[in-house]
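J.: Here it is: the structure, laid out below.
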Amino acid sequence: MVNVRDLDPSASPLSYYGSELRRLREAAGLRQAQLGEIVYCTGSLIGQIETAKKVPTRDFSERIDAALMTGGVFSRLIGLVLRSQLPNWFQPYAEMEAKAAYISTYQSQMVYGLLQTEAYARAVMATGLPDNLEELVAARMDRQRLLTRERPPMVWVVLDEAALCRPIGSSQVMRAQLEHLLSFRRERWVRIQVLPFAAGEHASLIGSFNALRFDDDPDIVYTEDLISGHMTANPETVKEAALRYAHLQASALSVEDSAELIMRVLEERYGDRSGHDRRALA
């Protein structure tokens, strides 16, 4: 067991979070069990977080802020803590993603991460047999907060029809995921196009990629292989990616027809339309 006296606050965001939790708890004159009672958890959980053995949640952080009257210290820290749970090679991309003004992505195999439900994300990430599955899922869900901030980026997604048809998790998981995709029709800053099987060969048979645009920085293209991810701001690569993306958009169904296809797949493959009305598209 890690001794709280030996914990190095500078070792990681999680260690800093734990040391600050201990410091402020003790300053308030509370034992771990007492604080646990206030925020509706066990004293053991408080101890695990203080010794960096357990990753806190955003809900926990908000309750701790209220209990210790910290002015939002832990609610601000939790984003850094969760991001630190992402693979080291992915963290630089996550930081750039959070700053982007415009995100465009083509996804050939699965639903785009920012649009995944928690259950779908868990099923996807479990395929890699990680030791920290729940922490990875929490980090992915936290990344999605950029879609709900006051000024979210514009997100344009071209999704291969294969991603709709490949059952991830279970039929229930897929129903909820496709329903979630349809819910973005109400959001002005998210647009989803489906590239149908009927399109045949297309401009990105080689695989998925993301392109990020910024207000004051050069555009970035991001790709992944089996082991890691790769970012580049090389002008020729960015230009080539933009050209390929334009061709993908031209080959894909319109936003409205894409929603129709998602509803059809939902009905025919996963057996539940959950009250969606085609007339709502008119």
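Following the order of the structure tokens, first chain is A, next is B, and so on, with residues numbered from 1 inside each chain and ligands from 1 in the order they appear.
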Pick out each residue of stretch 22-241 of chain A that DSSP on the backbone tags as strand (DSSP E); I need them as a VMD selection string.
T.: chain A and resid 102 to 107 154 to 160 190 to 195 209 to 213 220 to 224 229 to 232
J.: Produce a file of the selected residues containing C-alpha atoms, as a JSON list (two decimals), in the first residue's frame.
T.:
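Dumped to selection_31.json:
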```
[["chain", "number", "residue", "atom", "x", "y", "z"],
["A", 102, "TYR", "CA", -13.38, 22.29, -36.64],
["A", 103, "ILE", "CA", -13.03, 18.50, -36.57],
["A", 104, "SER", "CA", -13.62, 16.37, -39.62],
["A", 105, "THR", "CA", -13.27, 12.60, -39.51],
["A", 106, "TYR", "CA", -13.76, 9.54, -41.66],
["A", 107, "GLN", "CA", -14.36, 6.34, -39.68],
["A", 154, "MET", "CA", -17.93, 22.07, -35.61],
["A", 155, "VAL", "CA", -17.75, 18.28, -36.04],
["A", 156, "TRP", "CA", -18.32, 16.67, -39.42],
["A", 157, "VAL", "CA", -18.34, 12.88, -39.52],
["A", 158, "VAL", "CA", -18.29, 10.58, -42.53],
["A", 159, "LEU", "CA", -19.15, 7.16, -41.18],
["A", 160, "ASP", "CA", -18.78, 4.02, -43.25],
["A", 190, "VAL", "CA", -22.53, 18.04, -35.49],
["A", 191, "ARG", "CA", -23.17, 16.62, -38.95],
["A", 192, "ILE", "CA", -23.12, 12.92, -39.82],
["A", 193, "GLN", "CA", -22.93, 11.48, -43.32],
["A", 194, "VAL", "CA", -22.91, 7.75, -44.04],
["A", 195, "LEU", "CA", -20.73, 6.37, -46.81],
["A", 209, "PHE", "CA", -8.32, 9.65, -40.34],
["A", 210, "ASN", "CA", -9.12, 12.89, -38.52],
["A", 211, "ALA", "CA", -8.39, 16.46, -39.54],
["A", 212, "LEU", "CA", -8.31, 19.31, -37.03],
["A", 213, "ARG", "CA", -8.58, 23.00, -37.86],
["A", 220, "ILE", "CA", -3.37, 18.80, -38.29],
["A", 221, "VAL", "CA", -4.05, 15.34, -39.71],
["A", 222, "TYR", "CA", -4.20, 12.38, -37.33],
["A", 223, "THR", "CA", -4.08, 8.67, -38.17],
["A", 224, "GLU", "CA", -3.67, 5.49, -36.13],
["A", 229, "GLY", "CA", -1.25, 7.36, -33.41],
["A", 230, "HIS", "CA", 0.45, 9.91, -35.65],
["A", 231, "MET", "CA", -0.12, 13.65, -36.00],
["A", 232, "THR", "CA", 1.30, 15.85, -38.73]]
```
J.: Show which residues sit within 12 Å of A:Cys41, as a PyMOL selection string. Count only C-alpha atoms, and ignore same-chain residues fewer than 4 positions away.
T.: chain A and resi 32-37+45-49+56+59-60+63-64
J.: Within 9 Å of stretch 72-91 of chain A, which residues of stretch 113-157 of chain A show up? Give each one with its shortest atom-to-atom distance in Å (one decimal) and the two atoms involved, counting only C-alpha atoms, rows by chain then rising residue number, as a Markdown table.
T.:
```
| residue | atom | partner | partner_atom | distance |
| --- | --- | --- | --- | --- |
| A:Asn132 | CA | A:Gln85 | CA | 8.2 |
| A:Glu135 | CA | A:Gln85 | CA | 6.4 |
| A:Leu136 | CA | A:Leu86 | CA | 6.1 |
| A:Ala138 | CA | A:Leu82 | CA | 7.0 |
| A:Ala139 | CA | A:Leu82 | CA | 4.9 |
| A:Arg140 | CA | A:Leu86 | CA | 8.3 |
| A:Asp142 | CA | A:Gly79 | CA | 7.2 |
| A:Arg143 | CA | A:Arg83 | CA | 8.0 |
```
J.: Using only C-alpha atoms, which residue out of A:Ala241, A:Val39, A:Ala123, A:Ala162 lies closest to A:Ser108?
T.: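 Ranked by minimum distance to A:Ser108, first place goes to A:Ala162.
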J.: Write out, as a tab-separated table, each residue of stretch 77-158 of chain A that has an atom at most 9 Å from stretch 178-186 of chain A, together with the closest pair of atoms and their distance in Å to one decimal, counting only C-alpha atoms, rows going by chain and rising number.
T.:
```
residue	atom	partner	partner_atom	distance
A:Val111	CA	A:Leu181	CA	8.9
A:Leu115	CA	A:Leu181	CA	6.9
A:Gln116	CA	A:His180	CA	7.9
A:Thr117	CA	A:His180	CA	7.2
```
J.: Filtering to all heavy atoms, could you give me those residues as a PDB file, in the first residue's frame?
T.:
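Done, and the output landed in out_2.pdb:
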```pdb
ATOM      1  N   VAL A 111     -17.947   3.619 -34.789  1.00  0.00           N
ATOM      2  CA  VAL A 111     -18.465   4.961 -34.550  1.00  0.00           C
ATOM      3  C   VAL A 111     -17.341   5.839 -33.982  1.00  0.00           C
ATOM      4  O   VAL A 111     -16.518   5.385 -33.188  1.00  0.00           O
ATOM      5  CB  VAL A 111     -19.654   4.911 -33.570  1.00  0.00           C
ATOM      6  CG1 VAL A 111     -20.097   6.313 -33.146  1.00  0.00           C
ATOM      7  CG2 VAL A 111     -20.821   4.151 -34.204  1.00  0.00           C
ATOM      8  N   LEU A 115     -18.636  10.434 -30.450  1.00  0.00           N
ATOM      9  CA  LEU A 115     -20.072  10.171 -30.588  1.00  0.00           C
ATOM     10  C   LEU A 115     -20.462   8.811 -30.003  1.00  0.00           C
ATOM     11  O   LEU A 115     -21.606   8.385 -30.142  1.00  0.00           O
ATOM     12  CB  LEU A 115     -20.479  10.216 -32.067  1.00  0.00           C
ATOM     13  CG  LEU A 115     -20.121  11.477 -32.854  1.00  0.00           C
ATOM     14  CD1 LEU A 115     -20.737  11.410 -34.243  1.00  0.00           C
ATOM     15  CD2 LEU A 115     -20.564  12.738 -32.132  1.00  0.00           C
ATOM     16  N   GLN A 116     -19.541   8.143 -29.339  1.00  0.00           N
ATOM     17  CA  GLN A 116     -19.833   6.820 -28.781  1.00  0.00           C
ATOM     18  C   GLN A 116     -20.603   6.917 -27.464  1.00  0.00           C
ATOM     19  O   GLN A 116     -20.364   7.818 -26.668  1.00  0.00           O
ATOM     20  CB  GLN A 116     -18.531   6.045 -28.534  1.00  0.00           C
ATOM     21  CG  GLN A 116     -17.820   5.620 -29.804  1.00  0.00           C
ATOM     22  CD  GLN A 116     -16.518   4.890 -29.525  1.00  0.00           C
ATOM     23  OE1 GLN A 116     -16.169   4.632 -28.374  1.00  0.00           O
ATOM     24  NE2 GLN A 116     -15.794   4.563 -30.583  1.00  0.00           N
ATOM     25  N   THR A 117     -21.498   5.967 -27.246  1.00  0.00           N
ATOM     26  CA  THR A 117     -22.122   5.832 -25.933  1.00  0.00           C
ATOM     27  C   THR A 117     -21.123   5.145 -25.004  1.00  0.00           C
ATOM     28  O   THR A 117     -20.142   4.538 -25.436  1.00  0.00           O
ATOM     29  CB  THR A 117     -23.399   4.988 -25.982  1.00  0.00           C
ATOM     30  OG1 THR A 117     -23.050   3.647 -26.365  1.00  0.00           O
ATOM     31  CG2 THR A 117     -24.405   5.558 -26.982  1.00  0.00           C
TER      32      THR A 117
END
```
J.: List the spatial neighbours of A:Lys99 as a list in words - criterion: any atom at most 12 Å away, only C-alpha atoms, same-chain residues fewer than 6 positions off excluded.
T.: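 Here the answer would be Pro92, Tyr93, Arg143, Leu146, Leu147, Arg149, Arg151, Pro152, Pro153, Met154, Leu212, Arg213, Phe214, Asp215, Asp216, Asp217, Pro218, Asp219 and Ile220 of chain A.
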J.: Taking the DSSP assignment computed from this structure's backbone, write out as a PyMOL selection string all residues of stretch 118-258 of chain A that belong to alpha helix (DSSP H).
T.: chain A and resi 118-126+133-143+161-165+171-183+235-251+255-258
J.: Which neighbours of A:Ala52 fall inside 6 Å, counting only C-alpha atoms, when residues of the same chain fewer than 6 positions from it are skipped, and could you give them as a count of residues only?
T.: 3
J.: Quick one, how far is atom CA of A:Leu248 from atom CA of A:Leu266?
T.: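 Distance reported for this atom pair: 23.2 Å.
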J.: Report as number ranges by chain all protein, DNA and RNA residues lying within 12 Å of A:Tyr270, evaluated on only C-alpha atoms, omitting residues in the same chain fewer than 5 positions from it.
T.: A: 164-168, 170-179, 262-265
J.: How would the residues just picked look written out with N, CA and C atoms as a PDB file, in the first residue's frame?
T.:
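Result file is again-v6.pdb:
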```
ATOM      1  N   LEU A 164     -22.131   0.875 -38.902  1.00  0.00           N
ATOM      2  CA  LEU A 164     -23.514   0.721 -38.447  1.00  0.00           C
ATOM      3  C   LEU A 164     -23.899  -0.746 -38.361  1.00  0.00           C
ATOM      4  N   CYS A 165     -23.344  -1.540 -39.246  1.00  0.00           N
ATOM      5  CA  CYS A 165     -23.764  -2.941 -39.363  1.00  0.00           C
ATOM      6  C   CYS A 165     -22.969  -3.891 -38.474  1.00  0.00           C
ATOM      7  N   ARG A 166     -21.769  -3.506 -38.101  1.00  0.00           N
ATOM      8  CA  ARG A 166     -20.950  -4.387 -37.260  1.00  0.00           C
ATOM      9  C   ARG A 166     -21.478  -4.360 -35.837  1.00  0.00           C
ATOM     10  N   PRO A 167     -21.975  -5.474 -35.301  1.00  0.00           N
ATOM     11  CA  PRO A 167     -22.503  -5.482 -33.935  1.00  0.00           C
ATOM     12  C   PRO A 167     -21.382  -5.393 -32.909  1.00  0.00           C
ATOM     13  N   ILE A 168     -21.381  -4.327 -32.155  1.00  0.00           N
ATOM     14  CA  ILE A 168     -20.402  -4.121 -31.084  1.00  0.00           C
ATOM     15  C   ILE A 168     -21.132  -4.261 -29.755  1.00  0.00           C
ATOM     16  N   SER A 170     -23.631  -5.740 -28.072  1.00  0.00           N
ATOM     17  CA  SER A 170     -24.867  -6.517 -28.158  1.00  0.00           C
ATOM     18  C   SER A 170     -25.865  -5.709 -28.967  1.00  0.00           C
ATOM     19  N   SER A 171     -27.003  -6.323 -29.270  1.00  0.00           N
ATOM     20  CA  SER A 171     -28.047  -5.596 -30.001  1.00  0.00           C
ATOM     21  C   SER A 171     -28.532  -4.398 -29.195  1.00  0.00           C
ATOM     22  N   GLN A 172     -28.630  -4.561 -27.894  1.00  0.00           N
ATOM     23  CA  GLN A 172     -29.069  -3.445 -27.045  1.00  0.00           C
ATOM     24  C   GLN A 172     -28.065  -2.304 -27.091  1.00  0.00           C
ATOM     25  N   VAL A 173     -26.771  -2.639 -27.036  1.00  0.00           N
ATOM     26  CA  VAL A 173     -25.736  -1.614 -27.124  1.00  0.00           C
ATOM     27  C   VAL A 173     -25.814  -0.894 -28.467  1.00  0.00           C
ATOM     28  N   MET A 174     -26.018  -1.655 -29.545  1.00  0.00           N
ATOM     29  CA  MET A 174     -26.078  -1.044 -30.865  1.00  0.00           C
ATOM     30  C   MET A 174     -27.329  -0.189 -31.043  1.00  0.00           C
ATOM     31  N   ARG A 175     -28.444  -0.642 -30.492  1.00  0.00           N
ATOM     32  CA  ARG A 175     -29.655   0.183 -30.577  1.00  0.00           C
ATOM     33  C   ARG A 175     -29.424   1.533 -29.917  1.00  0.00           C
ATOM     34  N   ALA A 176     -28.862   1.495 -28.718  1.00  0.00           N
ATOM     35  CA  ALA A 176     -28.617   2.744 -28.001  1.00  0.00           C
ATOM     36  C   ALA A 176     -27.616   3.618 -28.750  1.00  0.00           C
ATOM     37  N   GLN A 177     -26.605   2.993 -29.370  1.00  0.00           N
ATOM     38  CA  GLN A 177     -25.607   3.761 -30.101  1.00  0.00           C
ATOM     39  C   GLN A 177     -26.206   4.440 -31.334  1.00  0.00           C
ATOM     40  N   LEU A 178     -27.013   3.717 -32.083  1.00  0.00           N
ATOM     41  CA  LEU A 178     -27.611   4.326 -33.276  1.00  0.00           C
ATOM     42  C   LEU A 178     -28.636   5.391 -32.888  1.00  0.00           C
ATOM     43  N   GLU A 179     -29.359   5.169 -31.805  1.00  0.00           N
ATOM     44  CA  GLU A 179     -30.265   6.205 -31.300  1.00  0.00           C
ATOM     45  C   GLU A 179     -29.470   7.459 -30.943  1.00  0.00           C
ATOM     46  N   ILE A 262     -29.535   5.199 -41.095  1.00  0.00           N
ATOM     47  CA  ILE A 262     -29.290   4.795 -39.703  1.00  0.00           C
ATOM     48  C   ILE A 262     -30.563   4.230 -39.094  1.00  0.00           C
ATOM     49  N   MET A 263     -31.704   4.876 -39.354  1.00  0.00           N
ATOM     50  CA  MET A 263     -32.978   4.373 -38.824  1.00  0.00           C
ATOM     51  C   MET A 263     -33.326   3.016 -39.424  1.00  0.00           C
ATOM     52  N   ARG A 264     -33.022   2.842 -40.699  1.00  0.00           N
ATOM     53  CA  ARG A 264     -33.330   1.572 -41.358  1.00  0.00           C
ATOM     54  C   ARG A 264     -32.465   0.442 -40.786  1.00  0.00           C
ATOM     55  N   VAL A 265     -31.204   0.717 -40.572  1.00  0.00           N
ATOM     56  CA  VAL A 265     -30.320  -0.285 -39.975  1.00  0.00           C
ATOM     57  C   VAL A 265     -30.781  -0.593 -38.549  1.00  0.00           C
TER      58      VAL A 265
END
```
J.: Which is closest to A:Ala119 among A:Leu7, A:Ala163, A:Leu133, A:Ala100, if we use only C-alpha atoms?
T.: A:Leu133
J.: Check the smallest atom-to-atom distance from each of A:His202, A:Lys53, A:Arg145, A:Arg269 to A:Ala246 using only C-alpha atoms, then report the winner.
T.: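 Between A:His202, A:Lys53, A:Arg145, A:Arg269, the residue approaching A:Ala246 most closely is A:His202.
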